[in-house]
Every structure is written in structure tokens, then in C-alpha cells.
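A.B. asks: Dropping in upload_28.pdb, which is PDB, C-alpha atoms:
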ATOM      1  CA  MET S   1      -6.998  -1.755 -37.374  1.00  0.00           C
ATOM      2  CA  ALA S   2      -4.178  -1.463 -34.835  1.00  0.00           C
ATOM      3  CA  ARG S   3      -2.527  -4.617 -36.140  1.00  0.00           C
ATOM      4  CA  LEU S   4      -2.710  -3.232 -39.697  1.00  0.00           C
ATOM      5  CA  LEU S   5      -1.286   0.092 -38.494  1.00  0.00           C
ATOM      6  CA  ALA S   6       1.660  -1.669 -36.845  1.00  0.00           C
ATOM      7  CA  GLN S   7       2.307  -3.540 -40.105  1.00  0.00           C
ATOM      8  CA  ARG S   8       2.244  -0.302 -42.091  1.00  0.00           C
ATOM      9  CA  LEU S   9       4.644   1.329 -39.642  1.00  0.00           C
ATOM     10  CA  GLY S  10       6.887  -1.738 -39.399  1.00  0.00           C
ATOM     11  CA  VAL S  11       6.665  -1.845 -35.600  1.00  0.00           C
ATOM     12  CA  PRO S  12       5.669  -4.487 -33.024  1.00  0.00           C
ATOM     13  CA  PHE S  13       1.979  -4.870 -32.162  1.00  0.00           C
ATOM     14  CA  ALA S  14       0.306  -5.928 -28.931  1.00  0.00           C
ATOM     15  CA  ASP S  15      -3.332  -6.317 -28.006  1.00  0.00           C
ATOM     16  CA  GLY S  16      -3.892  -4.806 -24.577  1.00  0.00           C
ATOM     17  CA  ASP S  17      -6.351  -7.588 -23.804  1.00  0.00           C
ATOM     18  CA  ASP S  18      -3.446 -10.036 -23.771  1.00  0.00           C
ATOM     19  CA  PHE S  19      -2.087  -8.303 -20.648  1.00  0.00           C
ATOM     20  CA  HIS S  20      -5.183  -8.925 -18.514  1.00  0.00           C
ATOM     21  CA  SER S  21      -4.868 -11.257 -15.552  1.00  0.00           C
ATOM     22  CA  PRO S  22      -6.978 -14.422 -15.390  1.00  0.00           C
ATOM     23  CA  ALA S  23      -8.986 -12.775 -12.588  1.00  0.00           C
ATOM     24  CA  ASP S  24      -9.753  -9.755 -14.790  1.00  0.00           C
ATOM     25  CA  ILE S  25     -10.836 -12.003 -17.648  1.00  0.00           C
ATOM     26  CA  THR S  26     -13.099 -14.014 -15.332  1.00  0.00           C
ATOM     27  CA  LYS S  27     -14.642 -10.823 -13.956  1.00  0.00           C
ATOM     28  CA  MET S  28     -15.329  -9.348 -17.404  1.00  0.00           C
ATOM     29  CA  SER S  29     -16.580 -12.678 -18.759  1.00  0.00           C
ATOM     30  CA  ALA S  30     -19.181 -12.630 -15.993  1.00  0.00           C
ATOM     31  CA  GLY S  31     -20.336  -9.193 -17.188  1.00  0.00           C
ATOM     32  CA  THR S  32     -18.745  -7.216 -14.344  1.00  0.00           C
ATOM     33  CA  PRO S  33     -16.786  -4.123 -15.348  1.00  0.00           C
ATOM     34  CA  LEU S  34     -13.257  -3.724 -14.057  1.00  0.00           C
ATOM     35  CA  ASP S  35     -12.660  -0.983 -11.521  1.00  0.00           C
ATOM     36  CA  ASP S  36      -9.568   1.193 -11.191  1.00  0.00           C
ATOM     37  CA  THR S  37      -7.965  -1.246  -8.743  1.00  0.00           C
ATOM     38  CA  ASP S  38      -8.352  -4.049 -11.304  1.00  0.00           C
ATOM     39  CA  ARG S  39      -7.077  -1.922 -14.151  1.00  0.00           C
ATOM     40  CA  ARG S  40      -3.897  -0.554 -12.558  1.00  0.00           C
ATOM     41  CA  PRO S  41      -1.749  -3.737 -12.773  1.00  0.00           C
ATOM     42  CA  TRP S  42      -3.020  -4.291 -16.311  1.00  0.00           C
ATOM     43  CA  LEU S  43      -2.096  -0.755 -17.371  1.00  0.00           C
ATOM     44  CA  GLU S  44       1.298  -1.074 -15.693  1.00  0.00           C
ATOM     45  CA  SER S  45       1.938  -4.275 -17.693  1.00  0.00           C
ATOM     46  CA  VAL S  46       0.996  -2.550 -20.938  1.00  0.00           C
ATOM     47  CA  GLY S  47       3.204   0.385 -19.922  1.00  0.00           C
ATOM     48  CA  ARG S  48       6.177  -1.920 -19.269  1.00  0.00           C
ATOM     49  CA  TRP S  49       5.768  -3.456 -22.713  1.00  0.00           C
ATOM     50  CA  LEU S  50       5.669   0.004 -24.300  1.00  0.00           C
ATOM     51  CA  HIS S  51       8.705   1.091 -22.279  1.00  0.00           C
ATOM     52  CA  GLN S  52      10.679  -1.942 -23.446  1.00  0.00           C
ATOM     53  CA  ARG S  53       9.873  -1.139 -27.092  1.00  0.00           C
ATOM     54  CA  ASP S  54      10.802   2.504 -26.517  1.00  0.00           C
ATOM     55  CA  VAL S  55      14.168   1.558 -24.965  1.00  0.00           C
ATOM     56  CA  ALA S  56      14.797  -0.838 -27.867  1.00  0.00           C
ATOM     57  CA  GLY S  57      14.036   1.992 -30.287  1.00  0.00           C
ATOM     58  CA  THR S  58      11.460  -0.003 -32.233  1.00  0.00           C
ATOM     59  CA  GLY S  59       8.323   1.920 -31.405  1.00  0.00           C
ATOM     60  CA  ALA S  60       5.081  -0.030 -31.100  1.00  0.00           C
ATOM     61  CA  VAL S  61       1.326  -0.025 -31.498  1.00  0.00           C
ATOM     62  CA  VAL S  62      -0.949  -1.258 -28.708  1.00  0.00           C
ATOM     63  CA  ALA S  63      -4.702  -1.672 -29.040  1.00  0.00           C
ATOM     64  CA  CYS S  64      -5.794  -0.659 -25.560  1.00  0.00           C
ATOM     65  CA  SER S  65      -8.878   0.754 -23.893  1.00  0.00           C
ATOM     66  CA  ALA S  66      -7.148   3.490 -21.890  1.00  0.00           C
ATOM     67  CA  LEU S  67     -10.540   5.057 -21.279  1.00  0.00           C
ATOM     68  CA  ARG S  68      -9.652   7.630 -18.644  1.00  0.00           C
ATOM     69  CA  ARG S  69      -7.018  10.343 -18.480  1.00  0.00           C
ATOM     70  CA  ARG S  70      -5.506   8.734 -15.388  1.00  0.00           C
ATOM     71  CA  TYR S  71      -5.151   5.424 -17.282  1.00  0.00           C
ATOM     72  CA  ARG S  72      -3.328   7.196 -20.090  1.00  0.00           C
ATOM     73  CA  ASP S  73      -1.174   8.938 -17.469  1.00  0.00           C
ATOM     74  CA  ILE S  74      -0.059   5.505 -16.193  1.00  0.00           C
ATOM     75  CA  LEU S  75       0.956   4.535 -19.739  1.00  0.00           C
ATOM     76  CA  ARG S  76       2.738   7.866 -20.277  1.00  0.00           C
ATOM     77  CA  ALA S  77       4.617   7.454 -16.986  1.00  0.00           C
ATOM     78  CA  ALA S  78       6.090   4.240 -18.391  1.00  0.00           C
ATOM     79  CA  CYS S  79       6.533   5.583 -21.931  1.00  0.00           C
ATOM     80  CA  PRO S  80       6.579   9.400 -21.953  1.00  0.00           C
ATOM     81  CA  GLY S  81       6.546   9.573 -25.755  1.00  0.00           C
ATOM     82  CA  ALA S  82       3.281   7.637 -26.089  1.00  0.00           C
ATOM     83  CA  PHE S  83       0.848   9.079 -28.634  1.00  0.00           C
ATOM     84  CA  PHE S  84      -2.814   8.122 -28.323  1.00  0.00           C
ATOM     85  CA  LEU S  85      -5.199   7.595 -31.204  1.00  0.00           C
ATOM     86  CA  HIS S  86      -8.706   7.822 -29.828  1.00  0.00           C
ATOM     87  CA  LEU S  87     -10.949   5.981 -32.258  1.00  0.00           C
ATOM     88  CA  THR S  88     -14.484   7.362 -32.169  1.00  0.00           C
ATOM     89  CA  ALA S  89     -17.740   5.794 -33.296  1.00  0.00           C
ATOM     90  CA  GLY S  90     -21.365   5.969 -32.261  1.00  0.00           C
ATOM     91  CA  ARG S  91     -22.827   3.499 -29.811  1.00  0.00           C
ATOM     92  CA  ALA S  92     -24.759   1.660 -32.559  1.00  0.00           C
ATOM     93  CA  VAL S  93     -21.570   1.068 -34.579  1.00  0.00           C
ATOM     94  CA  LEU S  94     -19.716  -0.144 -31.501  1.00  0.00           C
ATOM     95  CA  ALA S  95     -22.576  -2.441 -30.467  1.00  0.00           C
ATOM     96  CA  ASP S  96     -22.728  -3.901 -33.975  1.00  0.00           C
ATOM     97  CA  ARG S  97     -18.978  -4.587 -33.970  1.00  0.00           C
ATOM     98  CA  LEU S  98     -19.075  -6.146 -30.515  1.00  0.00           C
ATOM     99  CA  GLY S  99     -22.027  -8.283 -31.555  1.00  0.00           C
ATOM    100  CA  GLY S 100     -20.045  -9.612 -34.506  1.00  0.00           C
ATOM    101  CA  ARG S 101     -16.951 -10.419 -32.475  1.00  0.00           C
ATOM    102  CA  THR S 102     -16.432 -14.068 -31.566  1.00  0.00           C
ATOM    103  CA  GLY S 103     -14.120 -15.764 -29.099  1.00  0.00           C
ATOM    104  CA  HIS S 104     -13.598 -12.706 -26.897  1.00  0.00           C
ATOM    105  CA  PHE S 105     -14.092 -12.638 -23.148  1.00  0.00           C
ATOM    106  CA  MET S 106     -15.744  -9.206 -22.892  1.00  0.00           C
ATOM    107  CA  PRO S 107     -19.495  -9.433 -23.443  1.00  0.00           C
ATOM    108  CA  SER S 108     -21.274  -6.676 -25.343  1.00  0.00           C
ATOM    109  CA  SER S 109     -23.250  -5.981 -22.153  1.00  0.00           C
ATOM    110  CA  LEU S 110     -20.198  -4.067 -20.875  1.00  0.00           C
ATOM    111  CA  LEU S 111     -20.321  -1.508 -23.693  1.00  0.00           C
ATOM    112  CA  ASP S 112     -22.413   0.994 -21.758  1.00  0.00           C
ATOM    113  CA  SER S 113     -20.071   0.869 -18.750  1.00  0.00           C
ATOM    114  CA  GLN S 114     -17.118   1.462 -21.086  1.00  0.00           C
ATOM    115  CA  LEU S 115     -18.834   4.442 -22.707  1.00  0.00           C
ATOM    116  CA  ALA S 116     -19.742   5.852 -19.274  1.00  0.00           C
ATOM    117  CA  THR S 117     -16.084   5.562 -18.215  1.00  0.00           C
ATOM    118  CA  LEU S 118     -14.679   7.108 -21.407  1.00  0.00           C
ATOM    119  CA  GLU S 119     -12.902  10.442 -21.052  1.00  0.00           C
ATOM    120  CA  PRO S 120     -11.936  11.851 -24.461  1.00  0.00           C
ATOM    121  CA  LEU S 121      -8.390  13.072 -24.959  1.00  0.00           C
ATOM    122  CA  GLU S 122      -7.788  16.456 -23.397  1.00  0.00           C
ATOM    123  CA  PRO S 123      -6.106  19.245 -25.380  1.00  0.00           C
ATOM    124  CA  ASP S 124      -2.807  18.849 -23.492  1.00  0.00           C
ATOM    125  CA  GLU S 125      -2.595  15.088 -24.144  1.00  0.00           C
ATOM    126  CA  PRO S 126      -0.373  13.918 -26.993  1.00  0.00           C
ATOM    127  CA  GLY S 127      -2.834  12.303 -29.340  1.00  0.00           C
ATOM    128  CA  ALA S 128      -5.638  12.735 -31.836  1.00  0.00           C
ATOM    129  CA  GLU S 129      -9.160  11.525 -32.497  1.00  0.00           C
ATOM    130  CA  LEU S 130      -9.930   9.473 -35.563  1.00  0.00           C
ATOM    131  CA  ASP S 131     -13.340   8.416 -36.862  1.00  0.00           C
ATOM    132  CA  ALA S 132     -13.434   4.627 -36.589  1.00  0.00           C
ATOM    133  CA  THR S 133     -16.233   4.007 -39.084  1.00  0.00           C
ATOM    134  CA  PRO S 134     -14.146   3.387 -42.253  1.00  0.00           C
ATOM    135  CA  ALA S 135     -13.020  -0.162 -43.099  1.00  0.00           C
ATOM    136  CA  PRO S 136      -9.962  -1.307 -41.095  1.00  0.00           C
ATOM    137  CA  ASP S 137      -7.516  -1.036 -44.010  1.00  0.00           C
ATOM    138  CA  ILE S 138      -8.661   2.505 -44.837  1.00  0.00           C
ATOM    139  CA  LEU S 139      -8.567   3.424 -41.156  1.00  0.00           C
ATOM    140  CA  ALA S 140      -5.011   2.082 -40.823  1.00  0.00           C
ATOM    141  CA  ASP S 141      -3.941   4.219 -43.792  1.00  0.00           C
ATOM    142  CA  LEU S 142      -5.606   7.293 -42.272  1.00  0.00           C
ATOM    143  CA  ALA S 143      -3.938   6.603 -38.921  1.00  0.00           C
ATOM    144  CA  ALA S 144      -0.511   6.142 -40.527  1.00  0.00           C
ATOM    145  CA  ASP S 145      -0.920   9.439 -42.396  1.00  0.00           C
ATOM    146  CA  LEU S 146      -2.047  11.213 -39.239  1.00  0.00           C
ATOM    147  CA  LEU S 147       0.925   9.840 -37.272  1.00  0.00           C
ATOM    148  CA  ALA S 148       3.358  10.860 -40.005  1.00  0.00           C
ATOM    149  CA  ARG S 149       2.041  14.433 -39.807  1.00  0.00           C
ATOM    150  CA  GLN S 150       1.910  14.548 -36.000  1.00  0.00           C
ATOM    151  CA  LEU S 151       5.186  12.875 -35.123  1.00  0.00           C
ATOM    152  CA  HIS S 152       7.533  14.281 -37.778  1.00  0.00           C
TER     153      HIS S 152
END
If you convert what's in this file into C-alpha cells, what do you get?

C.D. replies:
Amino acid sequence: MARLLAQRLGVPFADGDDFHSPADITKMSAGTPLDDTDRRPWLESVGRWLHQRDVAGTGAVVACSALRRRYRDILRAACPGAFFLHLTAGRAVLADRLGGRTGHFMPSSLLDSQLATLEPLEPDEPGAELDATPAPDILADLAADLLARQLH
């Protein structure tokens, strides 16, 4: 969905997973959740990428599991204008999607740790929630419409 959204907006796209270190990937592949110490350099890398796009004036979309407020704060420190779309879905939907994903290093066994870590957007955070259950192309259209209303 994020890739489709970036296409609709005509902006660069990045998958946050591409910023993980080899050590992080090994740890997650073994079924061990990352801790805050592991995540900080990863978030700082994502933040640098966002900052570079902001300075260039292109804007960008990043698919990223910034699960906690403090993680989003790291991204906002690098790119103060960041707007977060928190995609929501029930555990069963998420488990089904993870089960159907191939070639990814994060096993579905980490879903519960991710859900336990998740802190929804707070009212003072720039962002919005969006139901993630529609098909990706419909969801990208909904997200583009939401962003047009929120950011203009």
C-alpha cells in the first residue's frame, strides 16, 4: 500500500525494513524481537532518509513500524514535518497477511510482540489512523485523499 501511495503522490518510496542492519535481520530471523537499543540506529537511518527528501523538497513515503511514540519522536526529530498514517487491522487479519508473505526475514511469530509494543498515535501527534482491511489499491486511494485533506 505504501508503495502505491508514493506512486499516487509522485514521491520517493522506501521500505523501512531496508534500513535494518544485518545484525537486526539475523536477530528477527531467529524470532527474537528487537529492543529499543537495536531500533535506535535503524530509526535514525530512516530519519536521515526522510530528512534528505525533506531538504530536497520531494516529500516521501516510508513503510515503517514506528510502533512507539518515542520511535516516532526520533523520526520527527530528523523530519519535523513527518505525518504518520497508522494502519489498523485486527490480529487475525495481520496474522493472515504475515502468513501469506514470502521472502521476508520477520517470522509471523513476532506479531504478538509487535502488537504488545504498539502505542497508537496520540492526539498531539501529526497523523491519522486508517483501516487497513481494504485492498491495497483502495487503501492507497483512501490514504491519498486523507493526506490531501490533512496537509492542504

A.B. asks: Determine, counting only C-alpha atoms, which protein, DNA and RNA residues have an atom within 8 Å of an atom of Gly59 in chain S; residues of the same chain fewer than 2 positions away are not included. Present the result as a tab-separated table (two decimals) with C-alpha atoms, keeping the file's coordinate frame.

C.D. replies:
chain	number	residue	atom	x	y	z
S	11	VAL	CA	6.66	-1.84	-35.60
S	12	PRO	CA	5.67	-4.49	-33.02
S	50	LEU	CA	5.67	0.00	-24.30
S	53	ARG	CA	9.87	-1.14	-27.09
S	54	ASP	CA	10.80	2.50	-26.52
S	56	ALA	CA	14.80	-0.84	-27.87
S	57	GLY	CA	14.04	1.99	-30.29
S	61	VAL	CA	1.33	-0.02	-31.50

A.B. asks: Nearest to Pro80 in chain S: which of S:Asp145, S:Asp35, S:Glu125, S:Asp24 is it, counting all atoms listed in the file?

C.D. replies: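 Between S:Asp145, S:Asp35, S:Glu125, S:Asp24, the residue approaching Pro80 in chain S most closely is S:Glu125.
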
A.B. asks: Could you work out how far CA of Glu129 in chain S lies from CA of Gly47 in chain S, giving the answer in Å with one decimal?

C.D. replies: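 Distance reported for this atom pair: 20.9 Å.
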
A.B. asks: Assuming the chain letters and numbering stay as they are in my file, what does the PyMOL selection byres ((chain S and resi 77) around 12) actually select? List them as number ranges by chain.

C.D. replies: S: 43-44, 46-48, 50-51, 70-76, 78-82

A.B. asks: Put those residues in a file: C-alpha atoms, as a CSV table (one decimal), in the frame of the given file.

C.D. replies:
chain,number,residue,atom,x,y,z
S,43,LEU,CA,-2.1,-0.8,-17.4
S,44,GLU,CA,1.3,-1.1,-15.7
S,46,VAL,CA,1.0,-2.6,-20.9
S,47,GLY,CA,3.2,0.4,-19.9
S,48,ARG,CA,6.2,-1.9,-19.3
S,50,LEU,CA,5.7,0.0,-24.3
S,51,HIS,CA,8.7,1.1,-22.3
S,70,ARG,CA,-5.5,8.7,-15.4
S,71,TYR,CA,-5.2,5.4,-17.3
S,72,ARG,CA,-3.3,7.2,-20.1
S,73,ASP,CA,-1.2,8.9,-17.5
S,74,ILE,CA,-0.1,5.5,-16.2
S,75,LEU,CA,1.0,4.5,-19.7
S,76,ARG,CA,2.7,7.9,-20.3
S,78,ALA,CA,6.1,4.2,-18.4
S,79,CYS,CA,6.5,5.6,-21.9
S,80,PRO,CA,6.6,9.4,-22.0
S,81,GLY,CA,6.5,9.6,-25.8
S,82,ALA,CA,3.3,7.6,-26.1

A.B. asks: Report as a list in words all protein, DNA and RNA residues lying within 7 Å of Leu85 in chain S, evaluated on all atoms listed in the file, omitting residues in the same chain fewer than 5 positions from it.

C.D. replies: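 The neighbour list is Gly127, Ala128, Glu129 and Leu130 of chain S.
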
A.B. asks: Selection from above, C-alpha atoms, as a PDB file, in the coordinates of the input, can you write it?

C.D. replies:
ATOM      1  CA  GLY S 127      -2.834  12.303 -29.340  1.00  0.00           C
ATOM      2  CA  ALA S 128      -5.638  12.735 -31.836  1.00  0.00           C
ATOM      3  CA  GLU S 129      -9.160  11.525 -32.497  1.00  0.00           C
ATOM      4  CA  LEU S 130      -9.930   9.473 -35.563  1.00  0.00           C
TER       5      LEU S 130
END

A.B. asks: Between CA of Ala14 in chain S and CA of Ser45 in chain S, what distance in Å does the model show, to one decimal?

C.D. replies: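 CA of Ser45 in chain S lies 11.5 Å from CA of Ala14 in chain S.
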
A.B. asks: If we count only C-alpha atoms, what is near Leu5 in chain S at a cut-off of 9 Å, once residues fewer than 4 positions away on the same chain are taken out, given as a ChimeraX atom specification?

C.D. replies: /S:1,9-11,13,61,137,139-141,143-144

A.B. asks: What separation in Å, quoted to one decimal, exists between CA of Val93 in chain S and CA of Asp124 in chain S?

C.D. replies: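 Those two atoms sit 28.1 Å apart.
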
A.B. asks: Would you mind telling me which residue in S:Ser113, S:Glu122, S:Arg3, S:Val55 lies nearest to Leu34 in chain S when using all atoms listed in the file?

C.D. replies: S:Ser113

A.B. asks: Let me have the centre and edge lengths in Å, one decimal, of the box along x, y and z around every listed atom of range 19-36 of chain S with 8 Å of margin on each side, as lines of an AutoDock Vina configuration file.

C.D. replies:
center_x = -11.2
center_y = -6.6
center_z = -15.9
size_x = 34.2
size_y = 31.6
size_z = 25.5

A.B. asks: Take the PyMOL selection byres ((chain S and resi 68) around 8), apply it to the structure above, and return the hits as a compact mmCIF listing (two decimals) with C-alpha atoms, in the frame of the given file.

C.D. replies:
# COMPACT_ATOMS: atom_id res chain seq x y z
CA ALA S 66 -7.15 3.49 -21.89
CA LEU S 67 -10.54 5.06 -21.28
CA ARG S 69 -7.02 10.34 -18.48
CA ARG S 70 -5.51 8.73 -15.39
CA TYR S 71 -5.15 5.42 -17.28
CA ARG S 72 -3.33 7.20 -20.09
CA THR S 117 -16.08 5.56 -18.22
CA LEU S 118 -14.68 7.11 -21.41
CA GLU S 119 -12.90 10.44 -21.05
CA PRO S 120 -11.94 11.85 -24.46

A.B. asks: From the options S:Cys64, S:Phe83, S:Ala135, S:Gly31, which residue's atoms come nearest to Leu151 in chain S, counting all atoms listed in the file?

C.D. replies: S:Phe83

A.B. asks: Hey, which of S:Pro134, S:Gly16, S:Pro41, S:Pro123 ends up closest to Val62 in chain S? Count only C-alpha atoms.

C.D. replies: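 Nearest candidate to Val62 in chain S out of S:Pro134, S:Gly16, S:Pro41, S:Pro123: S:Gly16.
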
A.B. asks: So, with only C-alpha atoms as the atoms that count, which of S:Ala60, S:Ala2, S:Ser65, S:Ala132 lies closest to Phe19 in chain S?

C.D. replies: S:Ser65

A.B. asks: Need a file for range 126-137 of chain S from that block: all heavy atoms, written as a short mmCIF file (atom, residue, chain, number, x, y, z; two decimals), in the first residue's frame.

C.D. replies:
data_model
loop_
_atom_site.label_atom_id
_atom_site.label_comp_id
_atom_site.auth_asym_id
_atom_site.auth_seq_id
_atom_site.Cartn_x
_atom_site.Cartn_y
_atom_site.Cartn_z
N PRO S 126 1.13 14.47 14.77
CA PRO S 126 0.63 14.72 13.43
C PRO S 126 0.44 13.40 12.68
O PRO S 126 1.40 12.73 12.33
CB PRO S 126 1.72 15.58 12.77
CG PRO S 126 2.96 15.27 13.55
CD PRO S 126 2.52 14.88 14.93
N GLY S 127 -0.80 13.02 12.50
CA GLY S 127 -1.07 11.76 11.83
C GLY S 127 -2.53 11.40 11.92
O GLY S 127 -3.35 12.15 12.44
N ALA S 128 -2.86 10.24 11.40
CA ALA S 128 -4.23 9.74 11.38
C ALA S 128 -4.23 8.23 11.31
O ALA S 128 -3.26 7.63 10.82
CB ALA S 128 -4.98 10.32 10.18
N GLU S 129 -5.30 7.63 11.81
CA GLU S 129 -5.49 6.19 11.68
C GLU S 129 -6.28 5.90 10.42
O GLU S 129 -7.14 6.69 10.02
CB GLU S 129 -6.25 5.64 12.89
CG GLU S 129 -5.43 5.57 14.14
CD GLU S 129 -6.14 4.81 15.25
OE1 GLU S 129 -7.26 4.29 15.04
OE2 GLU S 129 -5.56 4.73 16.34
N LEU S 130 -5.99 4.75 9.83
CA LEU S 130 -6.69 4.33 8.63
C LEU S 130 -6.89 2.82 8.71
O LEU S 130 -5.93 2.08 8.99
CB LEU S 130 -5.85 4.70 7.40
CG LEU S 130 -6.51 4.67 6.05
CD1 LEU S 130 -7.70 5.62 5.98
CD2 LEU S 130 -5.50 5.06 4.98
N ASP S 131 -8.10 2.37 8.49
CA ASP S 131 -8.42 0.95 8.50
C ASP S 131 -7.68 0.27 7.35
O ASP S 131 -7.84 0.65 6.18
CB ASP S 131 -9.92 0.77 8.35
CG ASP S 131 -10.36 -0.68 8.29
OD1 ASP S 131 -9.52 -1.59 8.47
OD2 ASP S 131 -11.56 -0.91 8.05
N ALA S 132 -6.88 -0.73 7.67
CA ALA S 132 -6.02 -1.38 6.68
C ALA S 132 -6.68 -2.58 5.99
O ALA S 132 -6.02 -3.26 5.22
CB ALA S 132 -4.72 -1.83 7.33
N THR S 133 -7.96 -2.81 6.23
CA THR S 133 -8.56 -4.02 5.65
C THR S 133 -8.93 -3.93 4.17
O THR S 133 -9.00 -4.97 3.52
CB THR S 133 -9.79 -4.46 6.47
OG1 THR S 133 -10.71 -3.38 6.57
CG2 THR S 133 -9.38 -4.92 7.86
N PRO S 134 -9.17 -2.74 3.59
CA PRO S 134 -9.45 -2.73 2.14
C PRO S 134 -8.24 -3.22 1.32
O PRO S 134 -7.12 -3.27 1.81
CB PRO S 134 -9.73 -1.26 1.84
CG PRO S 134 -10.13 -0.65 3.14
CD PRO S 134 -9.33 -1.41 4.17
N ALA S 135 -8.51 -3.53 0.05
CA ALA S 135 -7.44 -3.94 -0.87
C ALA S 135 -6.40 -2.82 -0.97
O ALA S 135 -6.74 -1.64 -0.81
CB ALA S 135 -8.02 -4.24 -2.24
N PRO S 136 -5.14 -3.16 -1.24
CA PRO S 136 -4.08 -2.15 -1.27
C PRO S 136 -4.35 -0.95 -2.18
O PRO S 136 -4.07 0.19 -1.80
CB PRO S 136 -2.85 -2.93 -1.74
CG PRO S 136 -3.11 -4.32 -1.28
CD PRO S 136 -4.59 -4.51 -1.41
N ASP S 137 -4.92 -1.17 -3.37
CA ASP S 137 -5.16 -0.04 -4.26
C ASP S 137 -6.25 0.89 -3.71
O ASP S 137 -6.14 2.11 -3.80
CB ASP S 137 -5.50 -0.51 -5.68
CG ASP S 137 -6.72 -1.41 -5.75
OD1 ASP S 137 -6.99 -2.14 -4.78
OD2 ASP S 137 -7.40 -1.38 -6.80
#
